[in-house]
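Q: File upload-v4.txt follows (compact mmCIF, C-alpha atoms):
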```
# COMPACT_ATOMS: atom_id res chain seq x y z
CA MET M 1 6.45 -6.86 -28.19
CA ASP M 2 4.60 -8.78 -30.90
CA ALA M 3 1.35 -10.72 -30.71
CA SER M 4 3.16 -14.05 -30.19
CA ALA M 5 4.82 -12.86 -26.98
CA ASN M 6 3.61 -13.92 -23.56
CA VAL M 7 3.64 -12.02 -20.29
CA LEU M 8 3.85 -13.48 -16.78
CA VAL M 9 2.69 -11.23 -13.94
CA VAL M 10 3.55 -12.28 -10.39
CA GLY M 11 0.80 -10.88 -8.19
CA ALA M 12 -2.92 -10.26 -8.85
CA SER M 13 -2.83 -6.64 -7.76
CA VAL M 14 -4.36 -3.35 -8.86
CA ALA M 15 -1.06 -2.65 -10.63
CA SER M 16 -1.26 -5.88 -12.61
CA ALA M 17 -4.92 -5.22 -13.44
CA ALA M 18 -4.00 -1.81 -14.87
CA LEU M 19 -1.17 -3.41 -16.86
CA ILE M 20 -3.44 -6.05 -18.37
CA ALA M 21 -6.26 -3.59 -19.12
CA GLN M 22 -3.87 -1.23 -20.92
CA LEU M 23 -2.27 -4.07 -22.88
CA ARG M 24 -5.67 -5.22 -24.10
CA GLU M 25 -6.88 -1.69 -24.78
CA ASP M 26 -3.84 -1.10 -26.98
CA GLY M 27 -4.49 -4.27 -28.95
CA PHE M 28 -2.23 -6.89 -27.41
CA GLY M 29 -3.79 -10.30 -28.02
CA GLY M 30 -1.02 -12.50 -26.66
CA ARG M 31 -1.04 -14.71 -23.60
CA VAL M 32 -1.03 -13.07 -20.16
CA VAL M 33 -0.61 -15.32 -17.10
CA VAL M 34 -1.06 -14.02 -13.55
CA LEU M 35 0.43 -15.98 -10.64
CA ASP M 36 -0.82 -15.45 -7.08
CA HIS M 37 -0.82 -17.70 -4.01
CA ASP M 38 -3.66 -15.90 -2.19
CA PRO M 39 -6.86 -17.95 -2.71
CA ASP M 40 -8.97 -14.77 -2.43
CA ALA M 41 -7.01 -12.72 -4.98
CA PRO M 42 -7.65 -10.52 -6.83
CA TYR M 43 -9.26 -8.01 -4.48
CA ASP M 44 -8.99 -4.44 -3.27
CA ARG M 45 -6.72 -4.07 -0.22
CA PRO M 46 -7.62 -0.56 1.04
CA PRO M 47 -11.07 -1.65 2.32
CA LEU M 48 -9.57 -4.47 4.42
CA SER M 49 -9.04 -2.20 7.44
CA LYS M 50 -12.28 -0.30 6.90
CA ASP M 51 -15.49 -1.47 5.18
CA PHE M 52 -14.50 -5.12 4.80
CA LEU M 53 -13.29 -5.54 8.38
CA GLY M 54 -16.39 -3.85 9.74
CA GLY M 55 -18.80 -5.65 7.42
CA THR M 56 -20.01 -9.17 6.77
CA SER M 57 -18.75 -9.90 3.24
CA ILE M 58 -16.83 -13.14 2.82
CA ARG M 59 -14.52 -11.77 0.15
CA PRO M 60 -13.54 -8.20 -0.74
CA GLU M 61 -14.35 -6.96 -4.22
CA ALA M 62 -12.09 -6.16 -7.14
CA PRO M 63 -14.12 -3.86 -9.41
CA TRP M 64 -11.03 -3.14 -11.52
CA TRP M 65 -10.35 -6.79 -12.47
CA ASP M 66 -11.75 -7.96 -15.81
CA GLY M 67 -10.11 -11.41 -15.87
CA ASN M 68 -8.70 -11.06 -19.40
CA CYS M 69 -5.85 -13.40 -18.49
CA GLU M 70 -5.03 -16.86 -17.13
CA LEU M 71 -4.88 -17.01 -13.32
CA ILE M 72 -2.66 -19.63 -11.65
CA ARG M 73 -2.65 -20.27 -7.89
CA GLY M 74 0.89 -20.68 -6.65
CA GLN M 75 3.79 -19.08 -4.79
CA ALA M 76 6.78 -17.71 -6.72
CA THR M 77 9.92 -19.16 -5.11
CA GLY M 78 12.67 -18.10 -7.48
CA LEU M 79 13.59 -16.24 -10.67
CA ASP M 80 16.07 -17.41 -13.30
CA THR M 81 16.79 -14.28 -15.32
CA ALA M 82 18.90 -16.12 -17.92
CA ALA M 83 16.05 -18.51 -18.71
CA SER M 84 13.35 -15.87 -18.14
CA ALA M 85 11.62 -18.34 -15.85
CA VAL M 86 9.87 -18.29 -12.48
CA GLU M 87 9.91 -21.28 -10.14
CA VAL M 88 6.50 -21.88 -8.56
CA ALA M 89 5.27 -23.89 -5.58
CA LEU M 90 1.69 -24.95 -6.22
CA ALA M 91 -0.98 -25.43 -3.57
CA ASP M 92 -0.88 -29.24 -3.90
CA GLY M 93 2.82 -29.31 -2.97
CA SER M 94 4.12 -29.79 -6.49
CA THR M 95 6.42 -27.39 -8.32
CA ARG M 96 6.29 -25.84 -11.74
CA THR M 97 8.44 -23.62 -13.94
CA LEU M 98 6.75 -20.79 -15.84
CA VAL M 99 8.65 -19.27 -18.76
CA ALA M 100 7.69 -15.95 -20.35
CA ASP M 101 9.01 -13.34 -22.73
CA HIS M 102 8.37 -10.69 -20.08
CA ILE M 103 8.12 -11.22 -16.32
CA VAL M 104 6.43 -8.51 -14.26
CA ALA M 105 6.72 -8.45 -10.46
CA ALA M 106 3.61 -7.01 -8.80
CA THR M 107 3.99 -8.73 -5.43
CA GLY M 108 3.42 -5.62 -3.31
CA ALA M 109 4.60 -5.51 0.28
CA ALA M 110 4.39 -7.81 3.30
CA PRO M 111 3.87 -6.89 6.97
CA ILE M 112 6.92 -6.27 9.14
CA ARG M 113 6.99 -8.42 12.27
CA LEU M 114 8.69 -7.29 15.47
CA PRO M 115 11.51 -9.65 16.52
CA GLY M 116 10.29 -12.31 18.90
CA VAL M 117 6.58 -11.72 18.31
CA PRO M 118 4.80 -14.88 19.49
CA THR M 119 2.39 -16.95 17.46
CA GLY M 120 -1.14 -15.64 17.75
CA VAL M 121 -0.37 -11.96 17.27
CA ALA M 122 -2.56 -10.97 14.34
CA GLN M 123 -1.60 -8.89 11.31
CA LEU M 124 -3.54 -7.33 8.45
CA ARG M 125 -2.43 -7.78 4.88
CA THR M 126 -4.81 -10.30 3.32
CA ALA M 127 -8.52 -10.94 3.25
CA ALA M 128 -7.89 -14.00 5.44
CA ASP M 129 -6.17 -11.76 8.01
CA ALA M 130 -9.15 -9.40 8.03
CA ARG M 131 -11.62 -12.26 8.47
CA HIS M 132 -9.56 -13.58 11.38
CA ILE M 133 -9.57 -10.20 13.14
CA ARG M 134 -13.30 -9.81 12.49
CA GLU M 135 -14.06 -13.23 13.93
CA ALA M 136 -11.75 -12.67 16.93
CA THR M 137 -13.28 -9.34 17.97
CA THR M 138 -16.70 -8.71 19.44
CA ALA M 139 -18.12 -5.72 21.26
CA GLY M 140 -16.50 -5.22 24.66
CA GLN M 141 -13.22 -6.92 23.83
CA ARG M 142 -9.88 -5.22 24.41
CA VAL M 143 -7.62 -4.92 21.39
CA ILE M 144 -4.02 -3.67 21.38
CA VAL M 145 -2.88 -2.32 18.00
CA LEU M 146 0.88 -2.01 17.50
CA GLY M 147 1.52 0.86 15.13
CA ALA M 148 -0.06 4.30 14.72
CA GLY M 149 0.39 4.51 10.98
CA THR M 150 -2.42 4.43 8.44
CA ILE M 151 -3.33 0.76 8.85
CA GLY M 152 -3.10 0.87 12.65
CA THR M 153 -5.30 3.94 13.02
CA GLU M 154 -7.84 2.71 10.45
CA LEU M 155 -7.99 -0.60 12.33
CA ALA M 156 -8.54 1.25 15.58
CA SER M 157 -11.34 3.31 14.05
CA THR M 158 -13.16 0.26 12.69
CA LEU M 159 -12.77 -1.73 15.91
CA VAL M 160 -13.94 1.17 18.11
CA ALA M 161 -16.99 1.51 15.86
CA GLY M 162 -17.65 -2.18 16.49
CA GLY M 163 -17.66 -1.67 20.26
CA CYS M 164 -14.13 -2.76 21.10
CA SER M 165 -11.84 -1.06 23.57
CA VAL M 166 -8.73 -0.20 21.57
CA SER M 167 -5.22 0.89 22.60
CA VAL M 168 -2.79 2.03 19.90
CA VAL M 169 0.93 1.79 20.69
CA ASP M 170 3.78 3.41 18.75
CA GLN M 171 7.31 4.52 19.55
CA ALA M 172 6.88 7.58 17.30
CA ASP M 173 6.17 11.05 18.68
CA ARG M 174 2.96 11.43 16.67
CA PRO M 175 0.47 9.23 14.79
CA LEU M 176 0.28 9.05 11.00
CA ASP M 177 3.79 10.46 10.87
CA ARG M 178 4.74 9.10 7.45
CA PHE M 179 1.29 9.60 5.93
CA LEU M 180 1.20 13.30 6.83
CA GLY M 181 4.91 13.96 6.40
CA GLY M 182 5.48 14.87 10.03
CA HIS M 183 2.66 17.43 10.11
CA LEU M 184 -0.66 17.58 12.00
CA GLY M 185 0.51 15.17 14.69
CA ALA M 186 -1.40 16.89 17.49
CA GLU M 187 -4.54 17.09 15.36
CA ALA M 188 -4.37 13.40 14.44
CA ALA M 189 -3.77 12.42 18.07
CA ALA M 190 -6.81 14.45 19.09
CA TRP M 191 -9.19 12.85 16.59
CA ILE M 192 -7.96 9.34 17.49
CA GLN M 193 -8.47 9.93 21.22
CA ASP M 194 -11.72 11.86 20.79
CA GLY M 195 -12.90 8.95 18.62
CA GLY M 196 -12.56 6.56 21.54
CA ALA M 197 -9.13 4.91 21.18
CA GLU M 198 -6.32 5.15 23.71
CA LEU M 199 -3.06 6.39 22.23
CA HIS M 200 0.30 5.40 23.71
CA LEU M 201 3.05 7.27 21.86
CA ARG M 202 6.80 7.26 22.56
CA SER M 203 6.30 3.69 23.82
CA ARG M 204 8.73 1.01 22.68
CA VAL M 205 7.48 -2.57 22.89
CA GLU M 206 9.76 -4.73 25.04
CA GLN M 207 7.78 -7.94 25.38
CA ILE M 208 4.54 -9.56 24.21
CA ALA M 209 3.24 -12.53 26.18
CA ARG M 210 0.07 -14.56 26.43
CA THR M 211 -1.27 -16.17 29.55
CA GLY M 212 -4.41 -18.17 29.03
CA GLY M 213 -6.71 -16.03 26.94
CA GLU M 214 -5.10 -12.72 27.88
CA TRP M 215 -2.29 -10.85 26.18
CA THR M 216 0.18 -8.58 27.93
CA VAL M 217 2.20 -6.01 26.02
CA THR M 218 5.06 -4.55 28.02
CA THR M 219 6.52 -1.27 26.83
CA ASP M 220 9.20 0.98 28.28
CA SER M 221 6.39 3.12 29.69
CA GLY M 222 4.12 0.46 31.21
CA GLN M 223 1.93 -2.57 30.55
CA LEU M 224 -1.26 -3.09 28.55
CA THR M 225 -3.54 -6.12 28.65
CA GLY M 226 -6.01 -7.22 26.02
CA ASP M 227 -7.88 -10.04 24.34
CA LEU M 228 -6.15 -9.60 20.98
CA VAL M 229 -2.94 -8.00 19.73
CA VAL M 230 -2.64 -6.83 16.12
CA SER M 231 0.73 -5.87 14.65
CA ALA M 232 0.50 -2.99 12.15
CA ILE M 233 3.99 -1.51 12.35
CA GLY M 234 4.53 -1.23 8.61
CA VAL M 235 5.42 -3.24 5.53
CA ARG M 236 8.45 -4.12 3.46
CA PRO M 237 8.67 -5.04 -0.25
CA ALA M 238 7.80 -8.68 -0.96
CA THR M 239 11.03 -9.67 -2.70
CA GLN M 240 12.04 -12.88 -0.91
CA TRP M 241 11.50 -14.93 -4.06
CA LEU M 242 14.12 -12.81 -5.86
CA GLN M 243 17.00 -13.60 -3.50
CA GLY M 244 19.99 -14.68 -5.58
CA SER M 245 18.34 -13.78 -8.88
CA GLY M 246 20.72 -10.95 -9.75
CA VAL M 247 17.97 -8.31 -9.49
CA ASP M 248 18.79 -5.33 -7.27
CA ILE M 249 16.39 -5.65 -4.32
CA THR M 250 18.09 -3.23 -1.95
CA ASP M 251 14.76 -1.49 -1.29
CA GLY M 252 12.18 -3.15 -3.44
CA ILE M 253 13.05 -3.89 -7.07
CA ARG M 254 15.21 -1.11 -8.48
CA CYS M 255 13.99 -0.13 -11.94
CA ASP M 256 14.68 2.40 -14.65
CA SER M 257 12.11 5.10 -15.42
CA ASP M 258 10.00 2.65 -17.47
CA GLY M 259 9.77 -0.08 -14.82
CA THR M 260 12.44 -2.42 -16.19
CA ALA M 261 14.53 -4.07 -13.47
CA LEU M 262 18.19 -3.32 -12.89
CA ASP M 263 20.99 -5.42 -11.47
CA PRO M 264 23.22 -4.10 -8.63
CA ASP M 265 25.54 -2.48 -11.21
CA GLY M 266 22.63 -0.57 -12.76
CA THR M 267 22.45 -2.72 -15.89
CA VAL M 268 18.98 -3.25 -17.33
CA ILE M 269 17.50 -6.76 -17.25
CA PRO M 270 15.34 -6.28 -20.38
CA HIS M 271 12.66 -8.92 -19.80
CA VAL M 272 12.11 -8.35 -16.04
CA HIS M 273 9.92 -5.52 -14.75
CA ALA M 274 8.24 -4.34 -11.56
CA ILE M 275 5.12 -2.30 -10.78
CA GLY M 276 3.25 -1.23 -7.65
CA ASP M 277 4.44 -1.20 -4.05
CA VAL M 278 7.37 -3.52 -4.71
CA ALA M 279 8.84 -1.32 -7.46
CA ALA M 280 11.44 1.41 -6.95
CA TRP M 281 11.27 3.39 -10.20
CA SER M 282 13.96 5.90 -11.10
CA THR M 283 13.12 9.33 -12.48
CA PRO M 284 15.15 11.81 -14.53
CA THR M 285 15.46 14.05 -11.47
CA ALA M 286 15.75 11.55 -8.59
CA GLY M 287 17.02 8.13 -7.70
CA PRO M 288 14.86 5.02 -7.23
CA ARG M 289 11.76 5.61 -5.12
CA ARG M 290 9.00 3.32 -3.99
CA SER M 291 5.48 4.63 -3.48
CA GLU M 292 3.00 2.53 -1.53
CA ASP M 293 -0.25 3.95 -2.85
CA TRP M 294 -3.09 2.71 -5.00
CA THR M 295 -2.93 5.39 -7.68
CA THR M 296 0.82 5.03 -8.32
CA ALA M 297 0.28 1.29 -8.71
CA GLN M 298 -2.26 1.93 -11.46
CA ARG M 299 0.03 4.44 -13.15
CA HIS M 300 2.90 1.95 -13.10
CA GLY M 301 0.75 -0.70 -14.75
CA ARG M 302 -0.48 1.59 -17.52
CA HIS M 303 2.97 3.02 -18.20
CA LEU M 304 4.69 -0.37 -18.38
CA ALA M 305 2.03 -1.73 -20.74
CA ARG M 306 2.67 1.10 -23.19
CA HIS M 307 6.43 0.62 -22.84
CA LEU M 308 6.21 -3.11 -23.60
CA LEU M 309 4.20 -2.36 -26.71
CA GLY M 310 6.64 0.29 -27.88
CA LEU M 311 4.12 3.09 -27.48
CA GLU M 312 4.50 6.52 -25.96
CA PRO M 313 3.38 6.66 -22.31
CA LEU M 314 0.03 8.27 -21.60
CA GLN M 315 1.95 10.56 -19.25
CA PRO M 316 5.37 10.26 -17.63
CA VAL M 317 4.90 8.73 -14.18
CA ASP M 318 7.22 11.24 -12.52
CA ARG M 319 4.97 14.11 -13.65
CA GLU M 320 1.90 12.68 -11.90
CA LEU M 321 1.43 13.72 -8.30
CA ARG M 322 0.89 11.02 -5.69
CA TYR M 323 -2.63 10.69 -4.33
CA PHE M 324 -3.56 8.68 -1.24
CA TRP M 325 -6.24 8.70 1.38
CA SER M 326 -7.47 7.33 4.68
CA HIS M 327 -10.93 7.10 6.25
CA GLN M 328 -11.01 6.99 10.04
CA PHE M 329 -12.83 8.37 13.06
CA GLY M 330 -15.40 10.23 10.95
CA ARG M 331 -12.79 11.84 8.73
CA ARG M 332 -11.87 11.33 5.12
CA ILE M 333 -8.24 12.41 4.80
CA GLN M 334 -6.94 12.99 1.28
CA VAL M 335 -3.39 13.86 0.32
CA LEU M 336 -2.18 15.04 -3.06
CA GLY M 337 1.56 15.39 -3.64
CA THR M 338 4.32 14.41 -1.25
CA PRO M 339 4.21 15.85 2.29
CA VAL M 340 7.72 16.64 3.49
CA ALA M 341 8.78 17.63 6.97
CA ASP M 342 10.70 20.74 5.89
CA ALA M 343 7.70 22.30 4.15
CA THR M 344 5.57 25.01 5.77
CA LEU M 345 2.02 24.03 6.68
CA VAL M 346 -0.58 26.63 5.67
CA GLN M 347 -4.22 26.25 6.77
CA HIS M 348 -6.95 27.53 4.44
CA VAL M 349 -10.09 25.97 5.96
CA ASP M 350 -10.93 25.37 9.63
CA GLU M 351 -14.50 24.30 10.36
CA PRO M 352 -14.58 22.21 13.56
CA ALA M 353 -18.35 21.72 13.38
CA ARG M 354 -17.96 19.45 10.36
CA LYS M 355 -14.49 18.21 11.34
CA SER M 356 -13.21 19.95 8.25
CA ALA M 357 -9.81 21.44 7.46
CA PHE M 358 -7.74 22.08 4.38
CA TYR M 359 -3.99 22.72 4.19
CA THR M 360 -1.21 23.22 1.71
CA LEU M 361 2.46 22.47 2.25
CA GLU M 362 4.72 25.17 0.82
CA ARG M 363 8.44 24.92 0.08
CA ASP M 364 10.66 27.15 -2.06
CA SER M 365 7.67 29.28 -3.11
CA ALA M 366 5.82 26.25 -4.46
CA THR M 367 3.02 24.00 -3.21
CA VAL M 368 4.33 20.46 -2.74
CA ALA M 369 1.23 18.86 -1.19
CA TRP M 370 -2.42 19.42 -0.35
CA ILE M 371 -4.08 17.84 2.70
CA SER M 372 -7.86 17.67 2.97
CA ILE M 373 -9.82 16.57 6.02
CA ASN M 374 -13.53 16.41 5.16
CA ALA M 375 -13.02 19.23 2.66
CA PRO M 376 -13.98 17.65 -0.68
CA LYS M 377 -14.74 20.85 -2.61
CA GLU M 378 -11.40 22.41 -1.78
CA PHE M 379 -9.59 19.18 -2.58
CA VAL M 380 -11.25 18.77 -5.98
CA LEU M 381 -10.25 22.33 -6.83
CA ALA M 382 -6.67 21.58 -5.79
CA MET M 383 -6.62 18.47 -8.00
CA ARG M 384 -7.90 20.44 -10.98
CA LYS M 385 -5.22 23.06 -10.51
CA SER M 386 -2.53 20.39 -10.21
CA VAL M 387 -3.67 18.78 -13.47
CA ALA M 388 -3.45 22.14 -15.21
CA VAL M 389 0.10 22.63 -13.91
CA HIS M 390 1.43 19.09 -14.28
CA GLY M 391 -0.43 18.15 -17.43
```
Could you rewrite the structure in this file as structure tokens?

A:
Amino acid sequence: MDASANVLVVGASVASAALIAQLREDGFGGRVVVLDHDPDAPYDRPPLSKDFLGGTSIRPEAPWWDGNCELIRGQATGLDTAASAVEVALADGSTRTLVADHIVAATGAAPIRLPGVPTGVAQLRTAADARHIREATTAGQRVIVLGAGTIGTELASTLVAGGCSVSVVDQADRPLDRFLGGHLGAEAAAWIQDGGAELHLRSRVEQIARTGGEWTVTTDSGQLTGDLVVSAIGVRPATQWLQGSGVDITDGIRCDSDGTALDPDGTVIPHVHAIGDVAAWSTPTAGPRRSEDWTTAQRHGRHLARHLLGLEPLQPVDRELRYFWSHQFGRRIQVLGTPVADATLVQHVDEPARKSAFYTLERDSATVAWISINAPKEFVLAMRKSVAVHG
């Protein structure tokens, strides 16, 4: 990619920030345009369910954004791969076509909504969503959170700390099931309940209704009433704007190992790329895989920047272990690697007085993941060892 080229990034995300920073660091002086419809973007999403929701700030921060690009407010509505163009709906109702030598999708993921959910059920994906929940909840109010995944349990923790009465509902057998790879379900349930939230597992939602100012959630195991209902049952890749484009969006945007998009036949679309939560990158040893975590998003951005410039990657993405975390109910939970259900959980630290524990997950005589709960020293040591092994 020469200096006269231009890059269009759809989505002002941490992945796109890493892409732009690496492009500039490696000497690219061409035009970079970022398109995003969120009036608050760019900002950090992880704090939305934690510090931002529980605080008073009007807008979350984006310490990683240096603004070395042109930012356009608008919604991508379509992609013409032959013309290398994105159709855009602007905030004033007009439309515009943006053409670029390289188009990078960094649109992330959007909340899943249960079928038939009525208007007024809140969700948490944007800063506006977080402000709405903050304004709608005061001490003493009853909040029903649908979903015991990371966002749902973090929401519950923040709202309990703010004096709300919180019930968390999920049809799964244990909370944080995906986050912890099917392990530590009893431990997670205990810290959620000990922290002050009610936990209703193995409960399938059958109906949500509002009468006056009160909500009723009916499940196959009973009824709950509250002043606010928040849906946090998960997310799906934000690929609606790519319908009919010829890009394979079976589960996110299927890409090769450098982040270049593929069509359903597996043919590369050379000028279309994807990074972050929306991207399903292939690896030499596995098929396409999406990873909804902050650190992988950054790695995608850096790797793609080097690829576009024809430079060697800083490190192959598939050699870098995943790292993600959660902060809830007085616990900082950090995970390195990929927890899998068929691995054996081994505990190395157990200090209830400081709510501290440290585990490894072992499979085929190898450690596949490390899980830290308020055990920072042990976790740092694990990260150092992983760097030595994985380079």

Q: Given the choices M:Arg332, M:His303, M:His271, M:Arg363, which gets closest to Pro376 in chain M if the distance is worked out from all atoms listed in the file?

A: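 Result for the nearest residue to Pro376 in chain M: M:Arg332.
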
Q: Find the distance between CA of Arg59 in chain M and CA of Ala21 in chain M and write it in Å to one decimal.

A: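 That distance, rounded to one decimal, is 22.5 Å.
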
Q: Give me, as JSON lines, the closest atom pair and its distance (Å, one decimal) for every residue of range 60-126 of chain M within a cut-off of 9 Å of range 10-14 of chain M, counting all atoms listed in the file, rows sorted by chain and rising number.

A:
```
{"residue": "M:Ala62", "atom": "CA", "partner": "M:Val14", "partner_atom": "CA", "distance": 8.4}
{"residue": "M:Trp64", "atom": "CA", "partner": "M:Val14", "partner_atom": "CA", "distance": 7.2}
{"residue": "M:Trp65", "atom": "CA", "partner": "M:Val14", "partner_atom": "CA", "distance": 7.8}
{"residue": "M:Leu71", "atom": "CA", "partner": "M:Ala12", "partner_atom": "CA", "distance": 8.3}
{"residue": "M:Gln75", "atom": "CA", "partner": "M:Val10", "partner_atom": "CA", "distance": 8.8}
{"residue": "M:Ala76", "atom": "CA", "partner": "M:Val10", "partner_atom": "CA", "distance": 7.3}
{"residue": "M:Val86", "atom": "CA", "partner": "M:Val10", "partner_atom": "CA", "distance": 9.0}
{"residue": "M:Ile103", "atom": "CA", "partner": "M:Val10", "partner_atom": "CA", "distance": 7.6}
{"residue": "M:Val104", "atom": "CA", "partner": "M:Val10", "partner_atom": "CA", "distance": 6.1}
{"residue": "M:Ala105", "atom": "CA", "partner": "M:Val10", "partner_atom": "CA", "distance": 5.0}
{"residue": "M:Ala106", "atom": "CA", "partner": "M:Gly11", "partner_atom": "CA", "distance": 4.8}
{"residue": "M:Thr107", "atom": "CA", "partner": "M:Gly11", "partner_atom": "CA", "distance": 4.7}
{"residue": "M:Gly108", "atom": "CA", "partner": "M:Gly11", "partner_atom": "CA", "distance": 7.6}
```

Q: Give me a file of those residues, with C-alpha atoms, as a PDB file, in the frame of the given file.

A:
```
ATOM      1  CA  ALA M  62     -12.090  -6.160  -7.140  1.00  0.00           C
ATOM      2  CA  TRP M  64     -11.030  -3.140 -11.520  1.00  0.00           C
ATOM      3  CA  TRP M  65     -10.350  -6.790 -12.470  1.00  0.00           C
ATOM      4  CA  LEU M  71      -4.880 -17.010 -13.320  1.00  0.00           C
ATOM      5  CA  GLN M  75       3.790 -19.080  -4.790  1.00  0.00           C
ATOM      6  CA  ALA M  76       6.780 -17.710  -6.720  1.00  0.00           C
ATOM      7  CA  VAL M  86       9.870 -18.290 -12.480  1.00  0.00           C
ATOM      8  CA  ILE M 103       8.120 -11.220 -16.320  1.00  0.00           C
ATOM      9  CA  VAL M 104       6.430  -8.510 -14.260  1.00  0.00           C
ATOM     10  CA  ALA M 105       6.720  -8.450 -10.460  1.00  0.00           C
ATOM     11  CA  ALA M 106       3.610  -7.010  -8.800  1.00  0.00           C
ATOM     12  CA  THR M 107       3.990  -8.730  -5.430  1.00  0.00           C
ATOM     13  CA  GLY M 108       3.420  -5.620  -3.310  1.00  0.00           C
TER      14      GLY M 108
END
```

Q: In Å to one decimal, how far is CA of Arg299 in chain M from CA of Thr344 in chain M?

A: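 The value is 28.5 Å.
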
Q: Which of these residues is nearest to Gly67 in chain M, using all atoms listed in the file: M:Pro42, M:Gly149, M:Gly140, M:Gly182?

A: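 Counting all atoms listed in the file, the residue closest to Gly67 in chain M is M:Pro42.
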
Q: When distances are computed from all atoms listed in the file, which of M:His307, M:Ala189, M:Ala172, M:Asp220 shows the smallest separation from Asp26 in chain M?

A: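 Going through M:His307, M:Ala189, M:Ala172, M:Asp220 one by one, the smallest distance to Asp26 in chain M is for M:His307.
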
Q: Rounded to one decimal place, report the CA of Pro63 in chain M-CA of Ala279 in chain M distance in Å.

A: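 Here the two named atoms are 23.2 Å from each other.
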
Q: May I ask which of the residues M:Lys377, M:Arg45, M:Arg202, M:Arg178 is the closest one to Ala128 in chain M, counting all atoms listed in the file?

A: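 Among the listed residues, the smallest separation from Ala128 in chain M belongs to M:Arg45.
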
Q: With distances taken over all atoms listed in the file, which residue among M:Met1, M:Ala130, M:Ile72, M:Ala82 lies nearest Thr56 in chain M?

A: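 Looking only at the distances to Thr56 in chain M, the closest residue turns out to be M:Ala130.
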
Q: Please report, as JSON lines, each residue of range 258-322 of chain M lying at most 10 Å from range 232-239 of chain M, together with the nearest pair of atoms and the separation in Å rounded to one decimal; use all atoms listed in the file, and order rows by chain and ascending residue number.

A:
```
{"residue": "M:Gly276", "atom": "CA", "partner": "M:Pro237", "partner_atom": "CA", "distance": 9.9}
{"residue": "M:Asp277", "atom": "CA", "partner": "M:Pro237", "partner_atom": "CA", "distance": 6.9}
{"residue": "M:Val278", "atom": "CA", "partner": "M:Pro237", "partner_atom": "CA", "distance": 4.9}
{"residue": "M:Ala279", "atom": "CA", "partner": "M:Pro237", "partner_atom": "CA", "distance": 8.1}
{"residue": "M:Ala280", "atom": "CA", "partner": "M:Pro237", "partner_atom": "CA", "distance": 9.7}
{"residue": "M:Arg290", "atom": "CA", "partner": "M:Pro237", "partner_atom": "CA", "distance": 9.2}
{"residue": "M:Glu292", "atom": "CA", "partner": "M:Val235", "partner_atom": "CA", "distance": 9.4}
```

Q: Restricting the calculation to only C-alpha atoms, which member of M:Tyr43, M:His348, M:Leu159, M:Leu361 is positioned closest to Ala375 in chain M?

A: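 Counting only C-alpha atoms, the residue closest to Ala375 in chain M is M:His348.
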
Q: Find the spatial neighbours of His327 in chain M, counting only C-alpha atoms, within a cut-off of 8 Å - ignore same-chain residues fewer than 5 positions away - and output them as a ChimeraX atom specification.

A: /M:50,154,332-333

Q: Hey, can you pull every residue with an atom no more than 8 Å from (24.0, -7.2, -5.3), using all atoms listed in the file, and send it as a PyMOL selection string?

A: chain M and resi 246-250+263-265

Q: Skip Arg354 in chain M itself and residues of its chain fewer than 3 positions away, then list as a list in words all residues within 12 Å of it, counting all atoms listed in the file.

A: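 Final neighbour list, sorted by chain and number: Gly330, Arg331, Arg332, Val349, Asp350, Glu351, Ala357, Ile373, Asn374, Ala375 and Pro376 of chain M.
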